[in-house]
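I have placed the structure first, in the form of structure tokens, so that the comments after it can refer back to it.
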Amino acid sequence: MIVGKFDAYKVDFRTIDRAEVRSYNYLLDNKFFIDIDGSEVQKGKVNVVLKVEHKAASFELLFHTSGVVYVSCDRCLDDMEMPVETVNRLIVKLGKEYAEESDEVLVISEDDGTLNLAWFLYEFVALAIPMKHVHPPGKCNKSMTSKLKKHSARRSNDEDTDGYGMDDMMQTDDEPDMSGTDPRWDALKELI
């Protein structure tokens, strides 16, 4: 990561007076996501409102993040719009050298007194994305859906407007159909 590209995301804590609350607004656009070169998100438009409050011995940072990012659909691989909204908190303390006391508490060098928030902003967005990225029913790429149907083992009792349930995509021709019962277990059922 080239730091010069992200100078706009630096906060100088030495300039914030005690009991002062400062607000910062950031727009994370396609250029931001390309420059940061993270694996989860390459495109999006996300607004971040940051409030920094100088408390007695620390600074409390509250991030409110909302917008959309574009991720690949797990089923058809086309880009899909994924809304993200999250509130995150970070506590920053001034000390001798940089240290992460916990997920929410950082110590930064008192001599420098600045922190570049670009990577934190990216992580907040990336962590707000659900694990499963699938288009709503009927919205997947029709060409890819037909190829999946052609190469999958499909059970007749599944119903989905795209023609796929997750079980369909996971089952291969090598796996036995588990929908029926194994007769070897029937004797155990009689014991109950």
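Ligands are numbered from 1 in the order shown, chains are lettered A, B, ... in the order of the structure tokens, and residues start at 1 in each chain.
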Write out as an NGL selection string all residues of chain A that DSSP puts in helix (DSSP H, G or I) for this structure's backbone.
:A and (3-9 or 13-15 or 30-36 or 118-128 or 142-150 or 166-170 or 183-191)
Sorted by chain and rising residue number, list the residues of segment 65-103 of chain A at most 8 Å from segment 129-138 of chain A (counting only C-alpha atoms), each with its closest atom pair and distance in Å to one decimal, as a tab-separated table.
```
residue	atom	partner	partner_atom	distance
A:Val71	CA	A:His133	CA	7.3
A:Ser72	CA	A:His133	CA	6.9
A:Cys73	CA	A:Val134	CA	4.9
A:Asp74	CA	A:His133	CA	5.4
A:Arg75	CA	A:Val134	CA	6.2
A:Met80	CA	A:His135	CA	6.7
A:Met82	CA	A:Ile129	CA	7.4
A:Val84	CA	A:Ile129	CA	6.4
```
Give me a file of those residues, with N, CA, C and O atoms, as a PDB file, in the first residue's frame.
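Final output, saved to out16.pdb:
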```pdb
ATOM      1  N   VAL A  71     -19.650  -7.158  -5.452  1.00  0.00           N
ATOM      2  CA  VAL A  71     -18.941  -8.415  -5.241  1.00  0.00           C
ATOM      3  C   VAL A  71     -19.438  -9.427  -6.262  1.00  0.00           C
ATOM      4  O   VAL A  71     -20.495  -9.249  -6.865  1.00  0.00           O
ATOM      5  N   SER A  72     -18.694 -10.497  -6.451  1.00  0.00           N
ATOM      6  CA  SER A  72     -19.091 -11.545  -7.394  1.00  0.00           C
ATOM      7  C   SER A  72     -20.145 -12.443  -6.758  1.00  0.00           C
ATOM      8  O   SER A  72     -20.007 -12.844  -5.604  1.00  0.00           O
ATOM      9  N   CYS A  73     -21.153 -12.758  -7.526  1.00  0.00           N
ATOM     10  CA  CYS A  73     -22.181 -13.706  -7.085  1.00  0.00           C
ATOM     11  C   CYS A  73     -21.528 -15.083  -6.964  1.00  0.00           C
ATOM     12  O   CYS A  73     -20.802 -15.509  -7.869  1.00  0.00           O
ATOM     13  N   ASP A  74     -21.773 -15.776  -5.875  1.00  0.00           N
ATOM     14  CA  ASP A  74     -21.204 -17.105  -5.668  1.00  0.00           C
ATOM     15  C   ASP A  74     -21.748 -18.126  -6.662  1.00  0.00           C
ATOM     16  O   ASP A  74     -21.111 -19.144  -6.915  1.00  0.00           O
ATOM     17  N   ARG A  75     -22.894 -17.854  -7.220  1.00  0.00           N
ATOM     18  CA  ARG A  75     -23.539 -18.812  -8.114  1.00  0.00           C
ATOM     19  C   ARG A  75     -23.169 -18.577  -9.573  1.00  0.00           C
ATOM     20  O   ARG A  75     -22.718 -19.480 -10.254  1.00  0.00           O
ATOM     21  N   MET A  80     -22.536  -8.219  -8.394  1.00  0.00           N
ATOM     22  CA  MET A  80     -23.826  -7.901  -7.805  1.00  0.00           C
ATOM     23  C   MET A  80     -23.640  -6.797  -6.778  1.00  0.00           C
ATOM     24  O   MET A  80     -22.579  -6.654  -6.169  1.00  0.00           O
ATOM     25  N   MET A  82     -24.132  -5.084  -3.316  1.00  0.00           N
ATOM     26  CA  MET A  82     -24.340  -5.544  -1.945  1.00  0.00           C
ATOM     27  C   MET A  82     -24.376  -4.315  -1.031  1.00  0.00           C
ATOM     28  O   MET A  82     -23.376  -3.611  -0.901  1.00  0.00           O
ATOM     29  N   VAL A  84     -24.086  -2.204   2.295  1.00  0.00           N
ATOM     30  CA  VAL A  84     -23.350  -2.361   3.553  1.00  0.00           C
ATOM     31  C   VAL A  84     -23.683  -1.195   4.465  1.00  0.00           C
ATOM     32  O   VAL A  84     -23.833  -0.065   4.026  1.00  0.00           O
TER      33      VAL A  84
END
```
Need the shell around segment 90-104 of chain A: protein/DNA/RNA residues with any atom at most 7 Å away, counting only C-alpha atoms. Skip same-chain ones fewer than 4 positions apart. Format as an NGL selection string?
:A and (57-62 or 108-110 or 113)
Using only C-alpha atoms, which residues sit within 7 Å of segment 33-45 of chain A once same-chain residues fewer than 5 positions away are excluded, as a ChimeraX atom specification?
/A:1,27-28,67-71,126
Next, write the just-selected residues to a file, as a compact mmCIF listing (two decimals), in the first residue's frame, keeping N, CA, C and O atoms as the atom set.
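See part_2.txt below for the written result:
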```
# COMPACT_ATOMS: atom_id res chain seq x y z
N MET A 1 0.86 -1.18 0.00
CA MET A 1 0.00 0.00 0.00
C MET A 1 0.90 1.23 0.00
O MET A 1 1.79 1.36 0.81
N LEU A 27 -15.60 9.56 1.35
CA LEU A 27 -16.29 8.80 0.32
C LEU A 27 -15.32 7.75 -0.20
O LEU A 27 -14.26 8.10 -0.74
N LEU A 28 -15.66 6.51 0.01
CA LEU A 28 -14.84 5.41 -0.49
C LEU A 28 -15.43 4.99 -1.83
O LEU A 28 -16.51 4.40 -1.89
N GLY A 67 -23.44 2.36 2.35
CA GLY A 67 -23.33 2.47 0.90
C GLY A 67 -23.48 1.12 0.25
O GLY A 67 -24.11 0.22 0.81
N VAL A 68 -22.90 0.99 -0.93
CA VAL A 68 -22.96 -0.27 -1.68
C VAL A 68 -21.56 -0.64 -2.17
O VAL A 68 -20.74 0.23 -2.47
N VAL A 69 -21.32 -1.94 -2.21
CA VAL A 69 -20.10 -2.48 -2.82
C VAL A 69 -20.54 -3.51 -3.86
O VAL A 69 -21.67 -3.98 -3.84
N TYR A 70 -19.63 -3.81 -4.76
CA TYR A 70 -19.92 -4.79 -5.80
C TYR A 70 -19.03 -5.99 -5.58
O TYR A 70 -17.80 -5.86 -5.50
N VAL A 71 -19.65 -7.16 -5.45
CA VAL A 71 -18.94 -8.41 -5.24
C VAL A 71 -19.44 -9.43 -6.26
O VAL A 71 -20.49 -9.25 -6.87
N ALA A 126 -15.25 -4.42 4.45
CA ALA A 126 -15.11 -5.84 4.09
C ALA A 126 -15.78 -6.75 5.12
O ALA A 126 -16.41 -7.75 4.76
```
Tell me which protein, DNA and RNA residues are within 6 Å of Leu117 of chain A, counting only C-alpha atoms, leaving out same-chain ones fewer than 2 positions away, and put them as a VMD selection string.
chain A and resid 9 119 to 120
